[in-house]
Each structure stands twice: as C-alpha cells, then as structure tokens.
>>> print(open('upload-v1.txt').read())   # compact mmCIF, C-alpha atoms
# COMPACT_ATOMS: atom_id res chain seq x y z
CA MET B 149 2.78 -28.44 -20.43
CA PHE B 150 -0.93 -28.35 -19.52
CA LYS B 151 -1.35 -24.85 -20.93
CA SER B 152 -0.50 -25.66 -24.47
CA LYS B 153 -2.57 -26.34 -27.56
CA LEU B 154 -0.35 -29.35 -28.04
CA TYR B 155 -1.26 -30.83 -24.67
CA ARG B 156 -2.77 -34.30 -24.88
CA PHE B 157 -3.93 -36.16 -21.80
CA GLN B 158 -1.82 -39.05 -20.56
CA TRP B 159 -2.63 -41.31 -17.64
CA LYS B 160 0.54 -40.24 -15.82
CA ASP B 161 -0.88 -36.70 -15.69
CA LEU B 162 -3.09 -37.92 -12.85
CA GLY B 163 0.08 -37.77 -10.76
CA ASP B 164 1.23 -39.71 -7.72
CA ILE B 165 -1.94 -39.39 -5.70
CA GLU B 166 -0.88 -41.64 -2.82
CA GLY B 167 2.44 -39.81 -2.47
CA GLY B 168 0.92 -36.39 -3.02
CA ARG B 169 -1.85 -36.83 -0.46
CA PRO B 170 -0.23 -38.85 2.33
CA ASN B 171 -2.70 -37.58 4.92
CA LEU B 172 -5.89 -36.99 2.96
CA GLY B 173 -5.65 -40.13 0.83
CA ASN B 174 -7.25 -41.10 -2.46
CA LEU B 175 -10.93 -40.40 -1.71
CA VAL B 176 -13.01 -37.28 -2.19
CA ASN B 177 -16.65 -36.45 -1.53
CA VAL B 178 -18.95 -37.09 -4.51
CA ALA B 179 -20.43 -33.60 -4.16
CA VAL B 180 -16.97 -32.14 -4.87
CA TYR B 181 -16.67 -34.17 -8.06
CA ARG B 182 -20.12 -33.01 -9.13
CA LEU B 183 -19.31 -29.43 -8.16
CA MET B 184 -16.55 -29.49 -10.76
CA GLN B 185 -18.60 -31.24 -13.42
CA TYR B 186 -21.71 -29.05 -13.13
CA THR B 187 -19.83 -25.78 -12.83
CA PHE B 188 -17.96 -26.78 -16.00
CA ARG B 189 -21.33 -27.35 -17.62
CA ASP B 190 -22.60 -23.97 -16.43
CA VAL B 191 -19.62 -22.08 -17.86
CA LEU B 192 -19.41 -24.13 -21.05
CA ASN B 193 -23.14 -23.57 -21.70
CA ARG B 194 -22.62 -19.82 -21.35
CA HIS B 195 -19.39 -19.51 -23.30
CA LEU B 196 -20.25 -21.94 -26.07
CA SER B 197 -23.79 -23.11 -26.74
CA VAL B 198 -25.74 -25.86 -24.98
CA GLU B 199 -25.24 -28.12 -28.01
CA LYS B 200 -21.52 -27.41 -28.19
CA ALA B 201 -21.11 -27.78 -24.41
CA THR B 202 -22.88 -31.12 -24.58
CA GLU B 203 -20.58 -32.20 -27.38
CA VAL B 204 -17.49 -31.15 -25.37
CA LEU B 205 -18.65 -33.10 -22.29
CA ARG B 206 -19.39 -36.19 -24.38
CA GLU B 207 -16.00 -35.98 -26.07
CA ALA B 208 -14.23 -35.58 -22.72
CA GLY B 209 -16.11 -38.63 -21.45
CA ARG B 210 -15.04 -40.56 -24.55
CA LEU B 211 -11.39 -39.69 -23.92
CA ALA B 212 -11.73 -40.64 -20.24
CA GLY B 213 -13.37 -43.95 -21.19
CA ALA B 214 -10.62 -44.77 -23.67
CA GLU B 215 -7.84 -43.97 -21.18
CA PHE B 216 -9.66 -45.84 -18.40
CA CYS B 217 -9.94 -48.88 -20.65
CA LYS B 218 -6.27 -48.75 -21.66
CA ASN B 219 -4.93 -48.20 -18.15
CA VAL B 220 -7.33 -49.95 -15.79
CA LEU B 221 -9.03 -52.74 -17.72
CA ASN B 222 -7.64 -55.90 -19.26
CA THR B 223 -8.39 -55.63 -22.98
CA GLU B 224 -6.93 -59.09 -23.65
CA LEU B 225 -9.90 -60.79 -22.00
CA PRO B 226 -12.76 -62.25 -24.05
CA PHE B 227 -15.90 -60.08 -24.08
CA ASN B 228 -17.80 -61.66 -21.19
CA GLU B 229 -14.78 -61.65 -18.91
CA PHE B 230 -13.98 -58.10 -19.99
CA ILE B 231 -17.49 -57.03 -18.97
CA ALA B 232 -17.15 -58.81 -15.62
CA ASP B 233 -13.80 -57.01 -15.12
CA LEU B 234 -15.39 -53.66 -16.07
CA GLN B 235 -18.30 -54.24 -13.70
CA GLU B 236 -15.94 -55.12 -10.88
CA LYS B 237 -13.63 -52.12 -11.48
CA LEU B 238 -16.51 -49.63 -11.67
CA LEU B 239 -17.79 -51.08 -8.43
CA SER B 240 -14.48 -51.11 -6.57
CA LEU B 241 -13.69 -47.54 -7.69
CA LYS B 242 -17.24 -46.58 -6.63
CA ILE B 243 -18.05 -45.09 -10.04
CA GLY B 244 -21.39 -46.89 -10.32
CA ILE B 245 -23.19 -50.22 -10.53
CA PHE B 246 -22.86 -51.35 -14.13
CA ARG B 247 -25.17 -54.01 -15.52
CA ILE B 248 -25.59 -55.41 -19.01
CA GLU B 249 -29.16 -56.10 -20.07
CA LYS B 250 -28.71 -57.24 -23.65
CA THR B 251 -25.90 -57.95 -26.11
CA ASP B 252 -26.34 -58.38 -29.83
CA PHE B 253 -22.99 -59.23 -31.44
CA GLU B 254 -24.40 -59.28 -34.99
CA LYS B 255 -25.56 -55.67 -34.73
CA MET B 256 -22.84 -54.89 -32.17
CA GLU B 257 -25.50 -53.34 -29.97
CA PHE B 258 -25.52 -53.34 -26.19
CA ILE B 259 -28.15 -52.24 -23.67
CA LEU B 260 -26.79 -51.48 -20.22
CA THR B 261 -27.67 -49.63 -17.06
CA VAL B 262 -25.67 -47.67 -14.52
CA SER B 263 -27.11 -47.24 -11.04
CA GLU B 264 -25.78 -45.13 -8.18
CA ASP B 265 -23.83 -43.27 -10.82
CA LEU B 266 -21.11 -40.86 -9.75
CA ASP B 267 -22.44 -38.16 -12.09
CA CYS B 268 -26.16 -38.16 -11.64
CA SER B 269 -27.65 -40.49 -9.04
CA GLY B 270 -29.72 -38.51 -6.57
CA LEU B 271 -30.75 -35.97 -9.17
CA PRO B 272 -34.49 -36.10 -9.90
CA PRO B 273 -35.44 -37.55 -13.31
CA ALA B 274 -36.25 -34.81 -15.79
CA ASN B 275 -37.41 -34.61 -19.36
CA GLU B 276 -33.85 -34.22 -20.54
CA THR B 277 -30.82 -36.47 -20.60
CA ILE B 278 -27.84 -35.16 -18.68
CA CYS B 279 -25.43 -38.07 -18.81
CA GLU B 280 -23.46 -37.03 -21.88
CA TYR B 281 -20.16 -37.53 -20.05
CA ASP B 282 -21.25 -41.09 -19.22
CA GLU B 283 -22.38 -41.64 -22.82
CA GLY B 284 -18.89 -40.71 -23.99
CA PHE B 285 -17.25 -42.76 -21.23
CA ILE B 286 -19.13 -45.93 -22.25
CA ALA B 287 -18.46 -45.33 -25.96
CA GLY B 288 -14.74 -44.73 -25.24
CA ILE B 289 -14.42 -48.01 -23.34
CA LEU B 290 -16.18 -50.05 -26.05
CA GLU B 291 -14.21 -48.36 -28.83
CA THR B 292 -10.89 -49.09 -27.18
CA TYR B 293 -11.83 -52.69 -26.48
CA THR B 294 -13.40 -53.52 -29.87
CA GLY B 295 -11.40 -51.19 -32.12
CA ARG B 296 -14.69 -49.96 -33.63
CA GLU B 297 -16.36 -46.58 -33.33
CA PHE B 298 -19.35 -46.55 -30.95
CA ASP B 299 -22.27 -44.29 -30.26
CA ALA B 300 -23.74 -44.52 -26.75
CA ARG B 301 -26.98 -42.77 -25.80
CA GLU B 302 -29.01 -42.57 -22.63
CA ILE B 303 -32.41 -43.96 -23.56
CA ASP B 304 -34.18 -43.96 -20.22
CA CYS B 305 -33.71 -43.05 -16.60
CA TRP B 306 -35.69 -43.58 -13.45
CA ALA B 307 -35.46 -42.91 -9.76
CA SER B 308 -36.55 -45.13 -6.93
CA GLY B 309 -34.34 -43.86 -4.16
CA GLU B 310 -31.31 -43.64 -6.42
CA ARG B 311 -31.29 -42.80 -10.10
CA THR B 312 -30.61 -45.42 -12.74
CA CYS B 313 -29.70 -44.64 -16.34
CA ARG B 314 -30.20 -47.00 -19.26
CA PHE B 315 -27.88 -46.67 -22.26
CA LYS B 316 -27.86 -48.11 -25.74
CA ALA B 317 -24.40 -48.45 -27.29
CA THR B 318 -24.17 -49.27 -30.99
CA ALA B 319 -21.16 -49.73 -33.25
CA ILE B 320 -21.10 -47.26 -36.13
CA ASN B 321 -20.65 -48.78 -39.61
CA MET D 596 -69.26 -20.68 -12.84
CA PRO D 597 -72.66 -22.17 -11.96
CA ASP D 598 -72.74 -24.56 -8.98
CA GLU D 599 -74.18 -27.30 -11.17
CA ILE D 600 -71.13 -27.40 -13.50
CA TYR D 601 -68.85 -27.31 -10.45
CA GLN D 602 -70.68 -30.25 -8.86
CA ILE D 603 -70.62 -32.28 -12.12
CA ALA D 604 -66.86 -31.74 -12.52
CA LEU D 605 -66.14 -32.71 -8.89
CA LYS D 606 -68.32 -35.81 -9.21
CA ALA D 607 -66.53 -36.85 -12.41
CA LEU D 608 -63.13 -36.37 -10.72
CA SER D 609 -64.22 -38.35 -7.66
CA GLU D 610 -65.52 -41.19 -9.86
CA GLN D 611 -62.31 -41.51 -11.81
CA LEU D 612 -60.10 -41.38 -8.71
CA THR D 613 -62.28 -44.04 -7.08
CA ARG D 614 -61.85 -46.25 -10.15
CA LEU D 615 -58.09 -45.85 -9.90
CA LEU D 616 -58.17 -46.87 -6.24
CA ARG D 617 -60.23 -49.93 -7.14
CA GLY D 618 -57.64 -50.93 -9.76
CA GLU D 619 -60.07 -50.28 -12.58
CA THR D 620 -59.32 -48.44 -15.82
CA ALA D 621 -60.06 -44.79 -15.30
CA GLU D 622 -60.95 -42.39 -18.09
CA ALA D 623 -60.03 -38.80 -18.70
CA VAL D 624 -62.45 -36.22 -17.28
CA GLN D 625 -64.06 -33.96 -19.86
CA ILE D 626 -62.79 -30.42 -19.43
CA GLY D 627 -65.29 -27.79 -20.54
CA ASP D 628 -64.33 -24.24 -21.40
CA ASP D 629 -66.71 -23.02 -18.73
CA LEU D 630 -64.68 -24.40 -15.83
CA ASP D 631 -62.81 -21.90 -13.69
CA PRO D 632 -58.98 -22.02 -13.98
CA GLU D 633 -58.35 -23.81 -10.63
CA LEU D 634 -60.85 -26.57 -11.35
CA LYS D 635 -59.58 -26.85 -14.92
CA SER D 636 -56.03 -27.26 -13.60
CA LEU D 637 -57.20 -29.94 -11.15
CA CYS D 638 -58.98 -31.82 -13.98
CA GLU D 639 -55.85 -31.66 -16.15
CA THR D 640 -53.70 -33.00 -13.31
CA VAL D 641 -56.14 -35.85 -12.65
CA ASN D 642 -56.14 -36.64 -16.39
CA GLN D 643 -52.32 -36.79 -16.35
CA LEU D 644 -52.53 -39.14 -13.38
CA VAL D 645 -55.04 -41.32 -15.26
CA VAL D 646 -52.68 -41.60 -18.26
CA SER D 647 -49.58 -42.22 -16.08
CA PHE D 648 -51.44 -44.82 -14.06
CA LYS D 649 -52.66 -46.61 -17.20
CA ASN D 650 -49.19 -46.62 -18.79
CA ALA D 651 -47.58 -47.85 -15.57
CA HIS D 652 -50.30 -50.48 -15.15
CA ASP D 653 -49.88 -51.81 -18.72
CA PHE D 654 -46.11 -51.96 -18.24
CA ILE D 655 -46.34 -53.79 -14.91
CA GLN D 656 -48.93 -56.19 -16.28
CA SER D 657 -46.62 -57.12 -19.18
CA LEU D 658 -43.76 -57.64 -16.74
CA ALA D 659 -45.96 -59.80 -14.52
CA LYS D 660 -46.68 -62.01 -17.55
CA GLY D 661 -42.94 -62.47 -18.07
CA ASN D 662 -42.58 -60.12 -21.03
CA LEU D 663 -39.27 -58.53 -20.05
CA GLU D 664 -38.79 -56.90 -23.44
CA VAL D 665 -41.70 -54.50 -22.91
CA SER D 666 -40.71 -50.84 -23.31
CA PRO D 667 -41.13 -48.88 -20.09
CA PRO D 668 -43.24 -45.71 -20.25
CA PRO D 669 -40.91 -42.70 -20.42
CA ASN D 670 -40.91 -40.11 -17.64
CA ASN D 671 -43.33 -42.11 -15.56
CA LEU D 672 -42.45 -41.95 -11.88
CA LEU D 673 -45.20 -44.38 -10.91
CA ALA D 674 -43.36 -47.06 -12.90
CA SER D 675 -39.88 -46.27 -11.52
CA PRO D 676 -39.55 -49.16 -9.04
CA PHE D 677 -40.80 -51.53 -11.73
CA LYS D 678 -38.24 -50.21 -14.21
CA GLN D 679 -35.65 -51.06 -11.60
CA LEU D 680 -37.14 -54.54 -11.30
CA GLN D 681 -37.18 -54.91 -15.09
CA ALA D 682 -33.52 -53.84 -15.31
CA SER D 683 -32.54 -56.36 -12.63
CA LEU D 684 -34.47 -59.16 -14.33
CA LEU D 685 -33.00 -58.32 -17.75
CA HIS D 686 -29.51 -58.27 -16.28
CA LEU D 687 -30.12 -61.61 -14.54
CA THR D 688 -31.43 -63.07 -17.80
CA TRP D 689 -28.26 -61.93 -19.57
CA GLN D 690 -26.06 -63.28 -16.78
CA THR D 691 -27.85 -66.64 -16.79
CA LYS D 692 -27.20 -66.95 -20.54
CA GLN D 693 -23.52 -66.21 -20.00
CA ILE D 694 -23.29 -68.82 -17.25
CA ALA D 695 -25.07 -71.36 -19.48
CA ASP D 696 -22.35 -70.65 -22.06
CA GLY D 697 -19.68 -71.44 -19.46
CA ASP D 698 -18.81 -67.94 -18.19
CA TYR D 699 -18.55 -68.41 -14.43
CA LYS D 700 -17.15 -64.95 -13.75
CA GLN D 701 -20.65 -63.49 -13.48
CA ARG D 702 -21.70 -62.27 -10.04
CA VAL D 703 -24.89 -60.61 -8.79
CA TYR D 704 -24.53 -57.56 -6.54
CA PHE D 705 -26.92 -55.66 -4.29
CA MET D 706 -29.93 -57.94 -4.55
CA GLY D 707 -29.97 -59.07 -0.94
CA ALA D 708 -30.20 -62.78 -0.14
CA PHE D 709 -30.71 -63.51 -3.84
CA SER D 710 -27.16 -62.28 -4.60
CA THR D 711 -25.68 -64.68 -2.02
CA SER D 712 -27.70 -67.65 -3.31
CA PHE D 713 -27.03 -66.90 -6.96
CA ASN D 714 -23.30 -66.37 -6.45
CA SER D 715 -23.03 -69.58 -4.41
CA MET D 716 -24.80 -71.43 -7.23
CA VAL D 717 -22.35 -70.04 -9.83
CA GLU D 718 -19.36 -71.02 -7.66
CA ALA D 719 -20.80 -74.52 -7.22
CA LEU D 720 -21.37 -74.81 -10.98
CA GLU D 721 -17.81 -73.69 -11.64
CA GLU D 722 -16.47 -76.28 -9.18
CA LYS D 723 -18.64 -78.98 -10.79
CA ARG D 724 -17.39 -78.04 -14.26
CA ARG D 725 -13.77 -78.09 -13.02
CA THR D 726 -14.25 -81.55 -11.53
CA GLU D 727 -15.91 -82.79 -14.73
CA THR D 728 -13.00 -81.51 -16.79
CA LEU D 729 -10.48 -83.25 -14.51
CA LEU D 730 -12.46 -86.49 -14.70
CA LYS D 731 -12.67 -86.27 -18.51
CA GLU D 732 -8.94 -85.70 -18.74
CA ALA D 733 -8.20 -88.61 -16.40
CA HIS D 734 -10.62 -90.82 -18.32
CA ALA D 735 -8.98 -89.90 -21.63
CA LYS D 736 -5.57 -90.89 -20.24
CA VAL D 737 -6.87 -94.20 -18.92
CA ARG D 738 -8.62 -95.09 -22.18
CA HIS D 739 -5.31 -95.21 -24.05
CA LEU D 740 -4.30 -98.31 -22.14
CA GLU D 741 -7.64 -100.03 -21.96
CA GLY D 742 -8.66 -103.08 -23.95
CA ILE D 743 -6.54 -105.91 -25.35
CA ILE D 744 -2.94 -105.01 -26.12
CA PRO D 745 -1.17 -107.43 -28.54
CA ILE D 746 2.24 -108.27 -27.10
CA CYS D 747 4.99 -110.59 -28.37
CA MET D 748 5.19 -113.50 -25.93
CA TYR D 749 8.98 -113.74 -26.37
CA CYS D 750 10.46 -110.24 -26.74
CA LYS D 751 7.51 -108.39 -25.12
CA LYS D 752 7.26 -105.82 -27.94
CA ILE D 753 3.78 -104.38 -28.47
CA ARG D 754 1.98 -104.09 -31.81
CA ASP D 755 0.52 -100.60 -32.27
CA ASP D 756 -2.35 -99.30 -34.43
CA MET D 757 0.05 -98.92 -37.39
CA GLU D 758 0.91 -102.63 -37.26
CA SER D 759 4.48 -101.94 -36.23
CA TRP D 760 6.12 -103.43 -33.15
CA GLN D 761 7.33 -101.11 -30.43
CA GLN D 762 9.39 -101.64 -27.34
CA LEU D 763 7.17 -101.98 -24.26
CA GLU D 764 8.64 -98.84 -22.62
CA GLU D 765 8.23 -96.80 -25.78
CA TYR D 766 4.58 -97.85 -26.17
CA ILE D 767 3.59 -97.12 -22.57
CA THR D 768 5.40 -93.77 -22.58
CA GLU D 769 3.52 -92.73 -25.74
CA HIS D 770 0.12 -93.87 -24.51
CA SER D 771 0.19 -92.75 -20.89
CA GLU D 772 1.72 -90.22 -18.53
CA ALA D 773 4.11 -92.89 -17.20
CA HIS D 774 7.88 -92.74 -17.76
CA PHE D 775 10.59 -95.34 -17.18
CA SER D 776 13.83 -95.25 -15.30
CA HIS D 777 16.05 -98.21 -16.07
CA GLY D 778 17.56 -100.40 -13.37
CA ILE D 779 18.18 -104.14 -12.88
CA CYS D 780 16.36 -106.65 -10.69
CA PRO D 781 18.33 -109.11 -8.46
CA GLU D 782 17.44 -112.15 -10.62
CA CYS D 783 18.55 -110.49 -13.84
CA TYR D 784 21.61 -109.17 -12.06
CA LYS D 785 22.63 -112.73 -11.16
CA LYS D 786 21.96 -113.95 -14.70
CA VAL D 787 23.81 -111.09 -16.38
CA LYS D 788 26.73 -111.45 -13.96
CA SER D 789 26.92 -115.18 -14.67
CA ASP D 790 26.77 -114.59 -18.44
CA LEU D 791 29.57 -112.06 -18.14
CA GLU D 792 31.73 -114.48 -16.14
CA ILE D 793 31.24 -117.12 -18.87
CA GLU D 794 32.18 -114.61 -21.56
CA LYS D 795 35.30 -113.58 -19.57
CA GLY D 796 36.30 -117.24 -19.23
CA LYS D 797 35.98 -117.75 -22.97
CA LEU D 798 38.16 -114.70 -23.62
CA ARG D 799 40.89 -115.95 -21.22
CA LYS D 800 41.01 -119.30 -23.01
CA THR D 801 41.56 -117.63 -26.33
>>> encode(input="upload-v1.txt", output="structure tokens")
Amino acid sequence: MFKSKLYRFQWKDLGDIEGGRPNLGNLVNVAVYRLMQYTFRDVLNRHLSVEKATEVLREAGRLAGAEFCKNVLNTELPFNEFIADLQEKLLSLKIGIFRIEKTDFEKMEFILTVSEDLDCSGLPPANETICEYDEGFIAGILETYTGREFDAREIDCWASGERTCRFKATAIN
Amino acid sequence: MPDEIYQIALKALSEQLTRLLRGETAEAVQIGDDLDPELKSLCETVNQLVVSFKNAHDFIQSLAKGNLEVSPPPNNLLASPFKQLQASLLHLTWQTKQIADGDYKQRVYFMGAFSTSFNSMVEALEEKRRTETLLKEAHAKVRHLEGIIPICMYCKKIRDDMESWQQLEEYITEHSEAHFSHGICPECYKKVKSDLEIEKGKLRKT
C-alpha cells in the first residue's frame, strides 16, 4: 500500500509502536531523526532542485502538522487554550519549546519561536533558513485548527547555546 | 608597503578596538589600496566587528529602554543572547495579556526561579477567580430572598413581582435552591385528626 501513487498518509500508518518495540520502546536518538531528514534533503536536492526540494520538505511538514493537529491536539478548544495544549504537547513529546510572542487576530498573524528544536537546534546559525519542514508543520497546525490557509516563514534565528528560530505565520486571503 | 602606512593602519585599528572596549562608538577604519592583503583583511574584519557591535549595541539599548518591538539585527552573533532575552520577554508579555483576559492555562517553562514564581502566581490567581465566582453565585442566590417579602397574614401566600399571589412553597422553590418535602407536625396532626373524627361523627348521624 505504501508503494502506490494512490497512497495517502494516515495516522494509523505509524503503527503500533509500543507493541512493535517492546524492548526498545518509543524513543530514538535525535541524531537518528536528523540523519533521516538531512539525508533526504541531500538526495532531494540532487534529484530535484534546491527550490523543489525545499518545497517538498515544506509540504511534508504541512501534512505532518495537519495530521498532528487532527490526531494529537484538541481542536475544540478556544485559541488560547489550544496554544497552551500545543505548547504542552510539543514539550512532552520533546519536539521543541514553543512560545508565542505576538498574536494579531485582525490580520490573523502570529509571531512565535521554537527553541531546542528537534530539526535544527545545535546547528550554527547561517545566512540561510533551513527550517522549511518546521514552517510547513506550523502552517499545517494553524490551517487545521482555523480552517484557513496559512503561510509560515522563518524570519530570524539565533544561537546562544541552543538555536532558536522565530517564525511569522500569516493567514492567506 | 612602506612602514609608515603599516604603522598608521595598525594605530587606527588599535584606536577603534580600544573605543569598543571602552563602550564608545567605534568607526570604520579607512582601507587604502596600498595596504598589503593580510592587513587589508584584518581591517575589513575589524570593520565588520565595528558594524556588528554597533548594531548589537543599538538593539540592546532599545531593549534596555523597554522597547520590546525593536527588530533584532540579522545574523549578528553578538546579539544572540539578547535575542533570546527579547523572545522570552515578548512571550511573557503575551502570556501576561492572556492571563489578564482570564486564561489561566498559561505556564512559563525553563526560566529558572522565575518560572516557579510566575506559575505559582497564575495558580493563585486562578484559585482567587474560582473563589470569587463561587461567592458571586452564592450572593446571587441569597439576593433573591433578601428584602421585604409581602405575605398574606392569613393564608401565608406571597405576592410576587407580577402582583400575583403564590403558595409559600412555590415562591421559595422558584427563588432559591431550597425544595420542600411535605409532612405533618404533631400539633397539626392532632387538629386534623380531631377534625376528621368530627366529620366521621356527622356522617354516622346522617
């Protein structure tokens, strides 16, 4: 079923992790996660183009964010409680430390940061943004919760021990 | 390259670095075409440091004045810890607004003793709000039965706001959380029993 053009991701495809790994459990080293992500980037960059590879990673992040929102978060909560729930889930799953800096409901614009991020913390800041998967992930969560299309972009990053990324998410139209 | 040009360049570099160390505004060193490549490279690096230092300084100064909305200088490693501080302060500002609006789910993480104090304060505020709500509700219930209640001195019916007379039980049930269960007191029991005996006697006679 995975090797079909018709395949579409479903949450149940993650399998019975507890049952399937009775001895090794549900945790894996962060380096192993990054090994997969950055080798994907390497091969995608070579087989497609950097722009196309970036687009693919962002779109995958968007799908992951949408599925995460549907299956892990409580979308019935009002916005502030939803954000508190999101912050708590990202923390307990050790994905990153999520913080909102600014919300503008008229423009539907949000400024937020992610520290100790699973994807990039520990990498030195460079003159390029690398968190396209995160951009998509954030957009996917907000889209699923609000029902509106979102664009999320990394607007700044800095390192002081760990690396922190700042994102701006804006509703389109 | 003549020694004189070399000495002038080194002196200029030393002056600007000294100004930086004194916390003064440093200026870019003039780079002449006659400098050798190594010295030219050193001058360019010092000039980059001067610009980075100035940008970081301006950013930190704005933060120190309480201007949290200031844009941080991009790609400036000197400002990194202060960007972290700005992010934390902006997040705290946002959280404080949410709490002021009654959202007590907000918690601060990974800010040392401040997190503990802040979270305790939010929990205390939530408890205070809960108590206030309970008191308001209790007060609202009590208010229904406060004041002067007009009651018929004979049948004990109560006149309501609509000028109609209601049974005492009906009125109290509507205006409070109290309910009635009907029984009979010993005095009434005696009276009712006696009335019944009289009625029975009358029936026998007929």
>>> residues_around(input="upload-v1.txt", residues="range 744-753 of chain D", least_positions_apart="6", cutoff="12 Å", atoms="all atoms listed in the file", output="list in words")
Ser759, Trp760, Gln761, Gln762, Leu763, Glu764, Glu765, Tyr766, Ile767, Glu769 and His770 of chain D
>>> interface_residues(input="upload-v1.txt", of="chain D", to="chain B", cutoff="12 Å", atoms="only C-alpha atoms", output="mmCIF file with C-alpha atoms, in the frame of the given file")
data_model
loop_
_atom_site.group_PDB
_atom_site.id
_atom_site.type_symbol
_atom_site.label_atom_id
_atom_site.label_comp_id
_atom_site.auth_asym_id
_atom_site.auth_seq_id
_atom_site.Cartn_x
_atom_site.Cartn_y
_atom_site.Cartn_z
ATOM 1 C CA LEU D 663 -39.270 -58.530 -20.050
ATOM 2 C CA GLU D 664 -38.790 -56.900 -23.440
ATOM 3 C CA SER D 666 -40.710 -50.840 -23.310
ATOM 4 C CA PRO D 667 -41.130 -48.880 -20.090
ATOM 5 C CA PRO D 668 -43.240 -45.710 -20.250
ATOM 6 C CA PRO D 669 -40.910 -42.700 -20.420
ATOM 7 C CA ASN D 670 -40.910 -40.110 -17.640
ATOM 8 C CA ASN D 671 -43.330 -42.110 -15.560
ATOM 9 C CA LEU D 672 -42.450 -41.950 -11.880
ATOM 10 C CA LEU D 673 -45.200 -44.380 -10.910
ATOM 11 C CA ALA D 674 -43.360 -47.060 -12.900
ATOM 12 C CA SER D 675 -39.880 -46.270 -11.520
ATOM 13 C CA PRO D 676 -39.550 -49.160 -9.040
ATOM 14 C CA PHE D 677 -40.800 -51.530 -11.730
ATOM 15 C CA LYS D 678 -38.240 -50.210 -14.210
ATOM 16 C CA GLN D 679 -35.650 -51.060 -11.600
ATOM 17 C CA LEU D 680 -37.140 -54.540 -11.300
ATOM 18 C CA GLN D 681 -37.180 -54.910 -15.090
ATOM 19 C CA ALA D 682 -33.520 -53.840 -15.310
ATOM 20 C CA SER D 683 -32.540 -56.360 -12.630
ATOM 21 C CA LEU D 684 -34.470 -59.160 -14.330
ATOM 22 C CA LEU D 685 -33.000 -58.320 -17.750
ATOM 23 C CA HIS D 686 -29.510 -58.270 -16.280
ATOM 24 C CA LEU D 687 -30.120 -61.610 -14.540
ATOM 25 C CA THR D 688 -31.430 -63.070 -17.800
ATOM 26 C CA TRP D 689 -28.260 -61.930 -19.570
ATOM 27 C CA GLN D 690 -26.060 -63.280 -16.780
ATOM 28 C CA THR D 691 -27.850 -66.640 -16.790
ATOM 29 C CA LYS D 692 -27.200 -66.950 -20.540
ATOM 30 C CA GLN D 693 -23.520 -66.210 -20.000
ATOM 31 C CA ILE D 694 -23.290 -68.820 -17.250
ATOM 32 C CA ASP D 696 -22.350 -70.650 -22.060
ATOM 33 C CA GLY D 697 -19.680 -71.440 -19.460
ATOM 34 C CA ASP D 698 -18.810 -67.940 -18.190
ATOM 35 C CA TYR D 699 -18.550 -68.410 -14.430
ATOM 36 C CA LYS D 700 -17.150 -64.950 -13.750
ATOM 37 C CA GLN D 701 -20.650 -63.490 -13.480
ATOM 38 C CA ARG D 702 -21.700 -62.270 -10.040
ATOM 39 C CA VAL D 703 -24.890 -60.610 -8.790
ATOM 40 C CA TYR D 704 -24.530 -57.560 -6.540
ATOM 41 C CA PHE D 705 -26.920 -55.660 -4.290
ATOM 42 C CA MET D 706 -29.930 -57.940 -4.550
#
>>> residues_around(input="upload-v1.txt", residues="range 624-629 of chain D", least_positions_apart="6", cutoff="7 Å", atoms="all atoms listed in the file", output="VMD selection string")
chain D and resid 596 607 to 608 635 638 642
>>> closest_residue(input="upload-v1.txt", among="D:Asn662, D:Ser789, D:Asn650, D:Ser636", to="Ala604 in chain D", atoms="all atoms listed in the file")
D:Ser636
>>> residues_around(input="upload-v1.txt", residues="range 609-611 of chain D", least_positions_apart="6", cutoff="12 Å", atoms="only C-alpha atoms", output="number ranges by chain")
D: 602-603, 617-625, 637-638, 641-646, 648
>>> residues_around(input="upload-v1.txt", residues="Asp164 in chain B", least_positions_apart="5", cutoff="12 Å", atoms="all atoms listed in the file", output="list in words")
Trp159, Arg169, Pro170, Gly173 and Asn174 of chain B
